[in-house]
Structure formats: structure tokens, C-alpha cells
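S.K.: So here's input-v3.csv (CSV, C-alpha atoms).
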chain,number,residue,atom,x,y,z
A,26,MET,CA,-32.3,6.8,-28.1
A,27,ALA,CA,-30.1,8.6,-25.6
A,28,THR,CA,-29.0,6.9,-22.4
A,29,ALA,CA,-27.2,8.1,-19.2
A,30,ALA,CA,-23.9,7.1,-20.8
A,31,ASP,CA,-24.5,9.6,-23.6
A,32,LEU,CA,-24.0,12.5,-21.2
A,33,ASP,CA,-20.2,12.1,-21.5
A,34,ARG,CA,-20.1,12.1,-25.3
A,35,ALA,CA,-22.9,14.5,-26.2
A,36,THR,CA,-22.6,17.8,-27.9
A,37,ASP,CA,-23.2,20.8,-25.6
A,38,SER,CA,-25.9,23.4,-25.9
A,39,GLN,CA,-25.2,26.2,-28.4
A,40,TRP,CA,-25.5,28.7,-25.5
A,41,ASP,CA,-22.1,29.2,-24.1
A,42,TRP,CA,-23.2,29.8,-20.5
A,43,VAL,CA,-25.3,26.6,-20.5
A,44,ALA,CA,-22.4,24.6,-22.1
A,45,GLU,CA,-20.0,25.9,-19.4
A,46,HIS,CA,-22.4,25.0,-16.6
A,47,THR,CA,-22.9,21.5,-18.1
A,48,ARG,CA,-19.2,20.9,-18.4
A,49,THR,CA,-18.6,22.0,-14.8
A,50,TYR,CA,-21.5,19.8,-13.6
A,51,LEU,CA,-20.0,16.8,-15.5
A,52,ALA,CA,-16.4,17.4,-14.5
A,53,SER,CA,-17.3,17.5,-10.8
A,54,GLY,CA,-19.4,14.3,-11.1
A,55,GLY,CA,-22.5,16.3,-10.2
A,56,THR,CA,-21.2,17.9,-6.9
A,57,GLU,CA,-20.9,21.3,-8.6
A,58,GLY,CA,-23.7,22.8,-10.6
A,59,HIS,CA,-26.6,20.9,-9.2
A,60,GLN,CA,-27.7,23.9,-7.3
A,61,ARG,CA,-27.4,27.2,-9.2
A,62,ASP,CA,-28.8,30.6,-8.3
A,63,GLY,CA,-31.3,29.1,-5.8
A,64,ALA,CA,-32.7,26.5,-8.1
A,65,TYR,CA,-31.7,22.9,-8.8
A,66,THR,CA,-30.5,21.8,-12.3
A,67,LEU,CA,-30.3,18.5,-14.1
A,68,LEU,CA,-28.4,17.5,-17.2
A,69,LEU,CA,-30.5,16.1,-20.1
A,70,ALA,CA,-29.1,14.1,-23.1
A,71,THR,CA,-31.4,13.8,-26.0
A,72,THR,CA,-31.0,12.3,-29.5
A,73,GLY,CA,-30.7,14.9,-32.3
A,74,ARG,CA,-33.8,14.5,-34.4
A,75,ARG,CA,-31.8,15.2,-37.6
A,76,THR,CA,-28.3,13.9,-36.8
A,77,GLY,CA,-29.1,11.0,-34.5
A,78,MET,CA,-26.2,12.2,-32.3
A,79,PRO,CA,-26.6,12.9,-28.6
A,80,ARG,CA,-27.1,16.5,-27.4
A,81,ARG,CA,-27.0,17.7,-23.9
A,82,THR,CA,-28.2,20.7,-21.9
A,83,ALA,CA,-28.7,21.8,-18.3
A,84,LEU,CA,-32.3,22.6,-17.1
A,85,ILE,CA,-33.9,23.8,-14.0
A,86,TYR,CA,-36.2,21.1,-12.5
A,87,GLY,CA,-38.9,20.3,-10.0
A,88,THR,CA,-40.3,17.0,-9.0
A,89,SER,CA,-43.7,15.3,-9.1
A,90,GLY,CA,-43.7,12.0,-7.3
A,91,ASP,CA,-40.9,10.0,-8.9
A,92,ASP,CA,-40.8,12.2,-12.0
A,93,TYR,CA,-38.6,15.2,-12.7
A,94,VAL,CA,-40.4,18.3,-14.2
A,95,VAL,CA,-38.7,20.7,-16.7
A,96,VAL,CA,-40.1,23.6,-18.7
A,97,ALA,CA,-39.3,24.1,-22.5
A,98,SER,CA,-39.4,27.9,-22.2
A,99,LYS,CA,-36.4,29.0,-24.4
A,100,GLY,CA,-36.7,32.4,-22.6
A,101,GLY,CA,-40.1,33.0,-24.2
A,102,ALA,CA,-39.0,32.5,-27.8
A,103,ASP,CA,-41.7,31.8,-30.3
A,104,VAL,CA,-40.2,28.4,-31.1
A,105,ASP,CA,-39.6,25.4,-28.9
A,106,PRO,CA,-36.0,24.7,-27.8
A,107,ALA,CA,-34.1,22.1,-29.8
A,108,TRP,CA,-33.8,19.7,-26.8
A,109,PHE,CA,-37.6,19.6,-26.5
A,110,LEU,CA,-38.1,18.9,-30.3
A,111,ASN,CA,-35.5,16.1,-29.9
A,112,LEU,CA,-37.3,14.4,-27.0
A,113,VAL,CA,-40.6,14.7,-28.7
A,114,ALA,CA,-39.1,12.8,-31.7
A,115,GLU,CA,-37.3,10.3,-29.3
A,116,PRO,CA,-38.5,10.3,-25.7
A,117,VAL,CA,-35.8,8.1,-24.2
A,118,VAL,CA,-33.2,10.4,-22.7
A,119,GLY,CA,-30.2,10.3,-20.4
A,120,VAL,CA,-30.3,12.3,-17.2
A,121,GLN,CA,-28.0,13.4,-14.4
A,122,VAL,CA,-29.4,14.8,-11.2
A,123,GLY,CA,-26.6,15.7,-8.8
A,124,THR,CA,-24.4,12.6,-8.7
A,125,ARG,CA,-27.2,10.2,-9.9
A,126,ARG,CA,-27.3,9.2,-13.6
A,127,PHE,CA,-30.1,7.3,-15.2
A,128,THR,CA,-32.0,6.6,-18.5
A,129,ALA,CA,-35.5,7.9,-18.6
A,130,ARG,CA,-38.6,8.4,-20.7
A,131,ALA,CA,-39.8,12.0,-21.2
A,132,ARG,CA,-43.4,13.1,-22.1
A,133,VAL,CA,-45.3,16.3,-22.4
A,134,ALA,CA,-47.6,16.9,-19.4
A,135,SER,CA,-51.3,16.4,-20.2
A,136,ALA,CA,-53.8,19.2,-20.3
A,137,ASP,CA,-55.0,18.0,-16.9
A,138,GLU,CA,-51.5,17.8,-15.4
A,139,ARG,CA,-50.1,21.0,-16.8
A,140,PRO,CA,-51.7,23.8,-14.7
A,141,ALA,CA,-50.5,22.4,-11.3
A,142,LEU,CA,-47.0,21.6,-12.7
A,143,TRP,CA,-46.8,25.0,-14.4
A,144,GLU,CA,-47.6,26.8,-11.1
A,145,GLN,CA,-45.0,24.6,-9.3
A,146,MET,CA,-42.3,25.5,-11.8
A,147,VAL,CA,-43.2,29.2,-11.7
A,148,GLY,CA,-42.7,29.0,-7.9
A,149,ILE,CA,-39.2,27.7,-8.6
A,150,LEU,CA,-38.4,30.2,-11.4
A,151,PRO,CA,-40.9,33.2,-11.5
A,152,HIS,CA,-39.3,34.2,-14.8
A,153,TYR,CA,-41.4,31.5,-16.5
A,154,GLU,CA,-44.5,33.8,-16.2
A,155,GLU,CA,-42.6,36.6,-18.0
A,156,PHE,CA,-41.5,34.1,-20.7
A,157,ALA,CA,-45.1,32.9,-21.2
A,158,ARG,CA,-46.2,36.5,-21.7
A,159,LYS,CA,-43.5,37.0,-24.4
A,160,THR,CA,-44.8,34.2,-26.7
A,161,ALA,CA,-48.1,33.1,-28.3
A,162,ARG,CA,-47.1,29.4,-27.9
A,163,GLU,CA,-48.1,27.5,-24.8
A,164,ILE,CA,-44.8,26.7,-23.1
A,165,PRO,CA,-44.5,22.9,-22.7
A,166,VAL,CA,-44.0,21.3,-19.4
A,167,VAL,CA,-42.2,17.9,-19.5
A,168,LEU,CA,-42.2,15.0,-17.1
A,169,ILE,CA,-39.1,12.8,-17.0
A,170,THR,CA,-39.6,9.3,-15.6
A,171,PRO,CA,-36.5,7.3,-14.6
A,172,LEU,CA,-36.5,3.8,-16.3
A,173,ASP,CA,-33.6,2.1,-14.6
A,174,ALA,CA,-34.2,3.0,-11.0
A,175,PRO,CA,-37.9,3.0,-10.3
A,176,GLY,CA,-39.0,3.9,-6.8
A,177,GLN,CA,-35.9,6.0,-6.0
A,178,ALA,CA,-36.9,9.4,-4.6
A,179,PRO,CA,-35.8,12.3,-6.8
A,180,ALA,CA,-33.1,14.6,-5.5
A,181,PRO,CA,-34.3,17.7,-3.5
A,182,ARG,CA,-35.8,20.5,-5.6
Output the structure of this file as C-alpha cells.
M.R.:
Amino acid sequence: MATAADLDRATDSQWDWVAEHTRTYLASGGTEGHQRDGAYTLLLATTGRRTGMPRRTALIYGTSGDDYVVVASKGGADVDPAWFLNLVAEPVVGVQVGTRRFTARARVASADERPALWEQMVGILPHYEEFARKTAREIPVVLITPLDAPGQAPAPR
């Protein structure tokens, strides 16, 4: 199980530009990197499904009520991203949104929830539609629910 504290000791994404963004976000305490290219990003720490070690990445997010919404697009690849496979195996995750850190539970959006959340996220990042056309898989939409600070409003999206 990953917690908010794992963000500091987790292994970075294999993608250099994501790892650099993550390190800048963390080094600034969340004051730099939260907003990037017109979208907001959060940091996600998952537990490696094979190693049991914490892994971290930066993801564009939206909100739905008290939940954060992320998309497991991997640029339209035919396989799910490692962070998604990790959170399916262990849904308790660590998150940083701006300067706020918390432990959360992640889950895949239900078939009923997905269409509206997908459209919301396409509104934030239109490239998601292009990514969906590139792959035969249905790109998962994930809801992240804070566990240690219920009722706190999410940061702006």
C-alpha cells in the first residue's frame, strides 16, 4: 500500500520528461508543476505489483465531487500504463495535488460513470480522443478518493 509519505522515496517514471516534471513538483513543495501547459497535474505514488516498492508519476487530472479523475491513456498504446496496473493490484495510493498531500483509494470508473468523466477529461486534454482512436482497448478512467481528509474540496482543475 502506498501512502502520501511514499512520494518522497518512490522510483520515478521511466519517461524522462515525466520524471523531471515530478522532481520539480516535489522539490518546490507543489508550488511548481501543478499547472502545466494549461492543465493541472497531480503526483501519484503506487505500489509496484511485482516489486512491492513505491513508484511515482505525474498525471493530468480533473475533479468529480471530492474525487480526482485521471486517465490511463499511455498515449494510446495498446497496453495499460504500469501505474494503472499497480493501482488495480493495490488501490491505496499516495497523492500530491499542489501543496496538498494525502493517502487515497483509487478505482476504475464504472460503466455508468465513465462516459461523463471521459468527456470531462477530453475537455481538459483533447488528445485523449486521438489516443482512444489509436488503440483497441477502452482507455480506463480512474477516480481517486482521499482517505485522510474527507470533505476537503479538490484543488482547481
S.K.: Sorted by chain and rising residue number, list the residues of range 59-177 of chain A at most 6 Å from range 29-40 of chain A (counting all atoms listed in the file), each with its closest atom pair and distance in Å to one decimal, as CSV.
M.R.:
residue,atom,partner,partner_atom,distance
A:Ala70,CA,A:Leu32,CA,5.7
A:Pro79,CA,A:Ala35,CA,4.7
A:Arg80,CA,A:Thr36,CA,4.7
A:Arg81,CA,A:Asp37,CA,5.2
A:Thr82,CA,A:Ser38,CA,5.3
A:Gly119,CA,A:Ala29,CA,3.9
A:Val120,CA,A:Ala29,CA,5.6
A:Arg126,CA,A:Ala29,CA,5.7
A:Phe127,CA,A:Ala29,CA,5.0
A:Thr128,CA,A:Ala29,CA,5.1
S.K.: For the residues in that selection, give me C-alpha atoms as a CSV table (one decimal), keeping the file's coordinate frame.
M.R.:
chain,number,residue,atom,x,y,z
A,70,ALA,CA,-29.1,14.1,-23.1
A,79,PRO,CA,-26.6,12.9,-28.6
A,80,ARG,CA,-27.1,16.5,-27.4
A,81,ARG,CA,-27.0,17.7,-23.9
A,82,THR,CA,-28.2,20.7,-21.9
A,119,GLY,CA,-30.2,10.3,-20.4
A,120,VAL,CA,-30.3,12.3,-17.2
A,126,ARG,CA,-27.3,9.2,-13.6
A,127,PHE,CA,-30.1,7.3,-15.2
A,128,THR,CA,-32.0,6.6,-18.5
S.K.: What are the nearest atom pairs, with distances in Å to one decimal, for all residues of range 50-119 of chain A that come at most 9 Å from range 170-174 of chain A, using only C-alpha atoms, set out by chain and rising residue number as CSV?
M.R.:
residue,atom,partner,partner_atom,distance
A:Asp91,CA,A:Thr170,CA,6.9
A:Asp92,CA,A:Thr170,CA,4.8
A:Tyr93,CA,A:Thr170,CA,6.6
S.K.: Write the residues you've just listed into a file as a CSV table (one decimal), in the frame of the given file, and include C-alpha atoms for each of them.
M.R.:
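Produced file part.csv, reproduced below:
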chain,number,residue,atom,x,y,z
A,91,ASP,CA,-40.9,10.0,-8.9
A,92,ASP,CA,-40.8,12.2,-12.0
A,93,TYR,CA,-38.6,15.2,-12.7
S.K.: Quick check, in Å to one decimal: how far apart do CA of Glu138 in chain A and CA of Ala64 in chain A lie?
M.R.: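 Between CA of Glu138 in chain A and CA of Ala64 in chain A the gap is 22.0 Å.
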S.K.: Let me make sure I understand: among A:Ser98, A:Thr47, A:Gln60, A:Thr72, which one has the smallest atom-to-atom distance to Tyr153 in chain A if we use all atoms listed in the file?
M.R.: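 Of A:Ser98, A:Thr47, A:Gln60, A:Thr72, the one nearest Tyr153 in chain A, counting all atoms listed in the file, is A:Ser98.
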S.K.: Rank nothing, just name the residue among A:Glu57, A:Val96, A:Gly73, A:Asp41 nearest to Leu150 in chain A, using all atoms listed in the file.
M.R.: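 The closest residue to Leu150 in chain A is A:Val96.
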S.K.: Report, in Å to a single decimal, how far apart CA of Lys99 in chain A and CA of Leu112 in chain A are.
M.R.: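 CA of Lys99 in chain A lies 14.9 Å from CA of Leu112 in chain A.
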S.K.: Please provide the set of residues having any atom within 9 Å of Val122 in chain A, restricted to only C-alpha atoms, with same-chain residues fewer than 4 positions apart removed, written as an NGL selection string.
M.R.: :A and (55 or 59 or 65-68 or 126-127 or 179-180)
S.K.: Write out as a list in words the residues lying within 8 Å of Thr56 in chain A, counting all atoms listed in the file and excluding same-chain residues fewer than 6 positions away.
M.R.: Tyr50, Gly123 and Thr124 of chain A
S.K.: Can you work out the spacing between CA of Leu69 in chain A and CA of Thr160 in chain A in Å, to one decimal?
M.R.: 24.0 Å
S.K.: Taking 4 positions as the minimum chain separation for residues in the same chain, which residues sit within 8 Å of Gly87 in chain A when counting only C-alpha atoms? Answer as a short mmCIF file (atom, residue, chain, number, x, y, z; two decimals) with C-alpha atoms, keeping the file's coordinate frame.
M.R.:
data_model
loop_
_atom_site.label_atom_id
_atom_site.label_comp_id
_atom_site.auth_asym_id
_atom_site.auth_seq_id
_atom_site.Cartn_x
_atom_site.Cartn_y
_atom_site.Cartn_z
CA TYR A 65 -31.70 22.90 -8.80
CA TYR A 93 -38.60 15.20 -12.70
CA VAL A 94 -40.40 18.30 -14.20
CA VAL A 95 -38.70 20.70 -16.70
CA GLN A 145 -45.00 24.60 -9.30
CA MET A 146 -42.30 25.50 -11.80
CA ILE A 149 -39.20 27.70 -8.60
CA ARG A 182 -35.80 20.50 -5.60
#
S.K.: Measuring atom to atom with only C-alpha atoms, identify which of A:Ala44, A:Gly90, A:Ile164, A:Gly54 is nearest to Pro106 in chain A.
M.R.: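 With only C-alpha atoms as the atom set, the closest residue is A:Ile164.
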S.K.: Which residue is closest to Gly148 in chain A? Choose from A:Gly63, A:Gly101, A:Pro116, A:Gly58 and count only C-alpha atoms.
M.R.: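 Of all the options, A:Gly63 lies closest to Gly148 in chain A.
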S.K.: Which of these residues is nearest to Ile85 in chain A, using all atoms listed in the file: A:Ser135, A:Arg162, A:Arg61, A:Ala107?
M.R.: A:Arg61
S.K.: Nearest residue to Leu84 in chain A out of A:Arg130, A:Val104, A:Phe156, A:Ile169, using only C-alpha atoms?
M.R.: A:Ile169
S.K.: With 7 Å as the threshold, what does the neighbourhood of (-43.7, 18.6, -17.1) contain in terms of residues, counting all atoms listed in the file? Coordinates are those of the file; answer as a list in words.
M.R.: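 Within the cut-off we find Val94, Val95, Val96, Val133, Ala134, Arg139, Leu142, Val166, Val167 and Leu168 of chain A.
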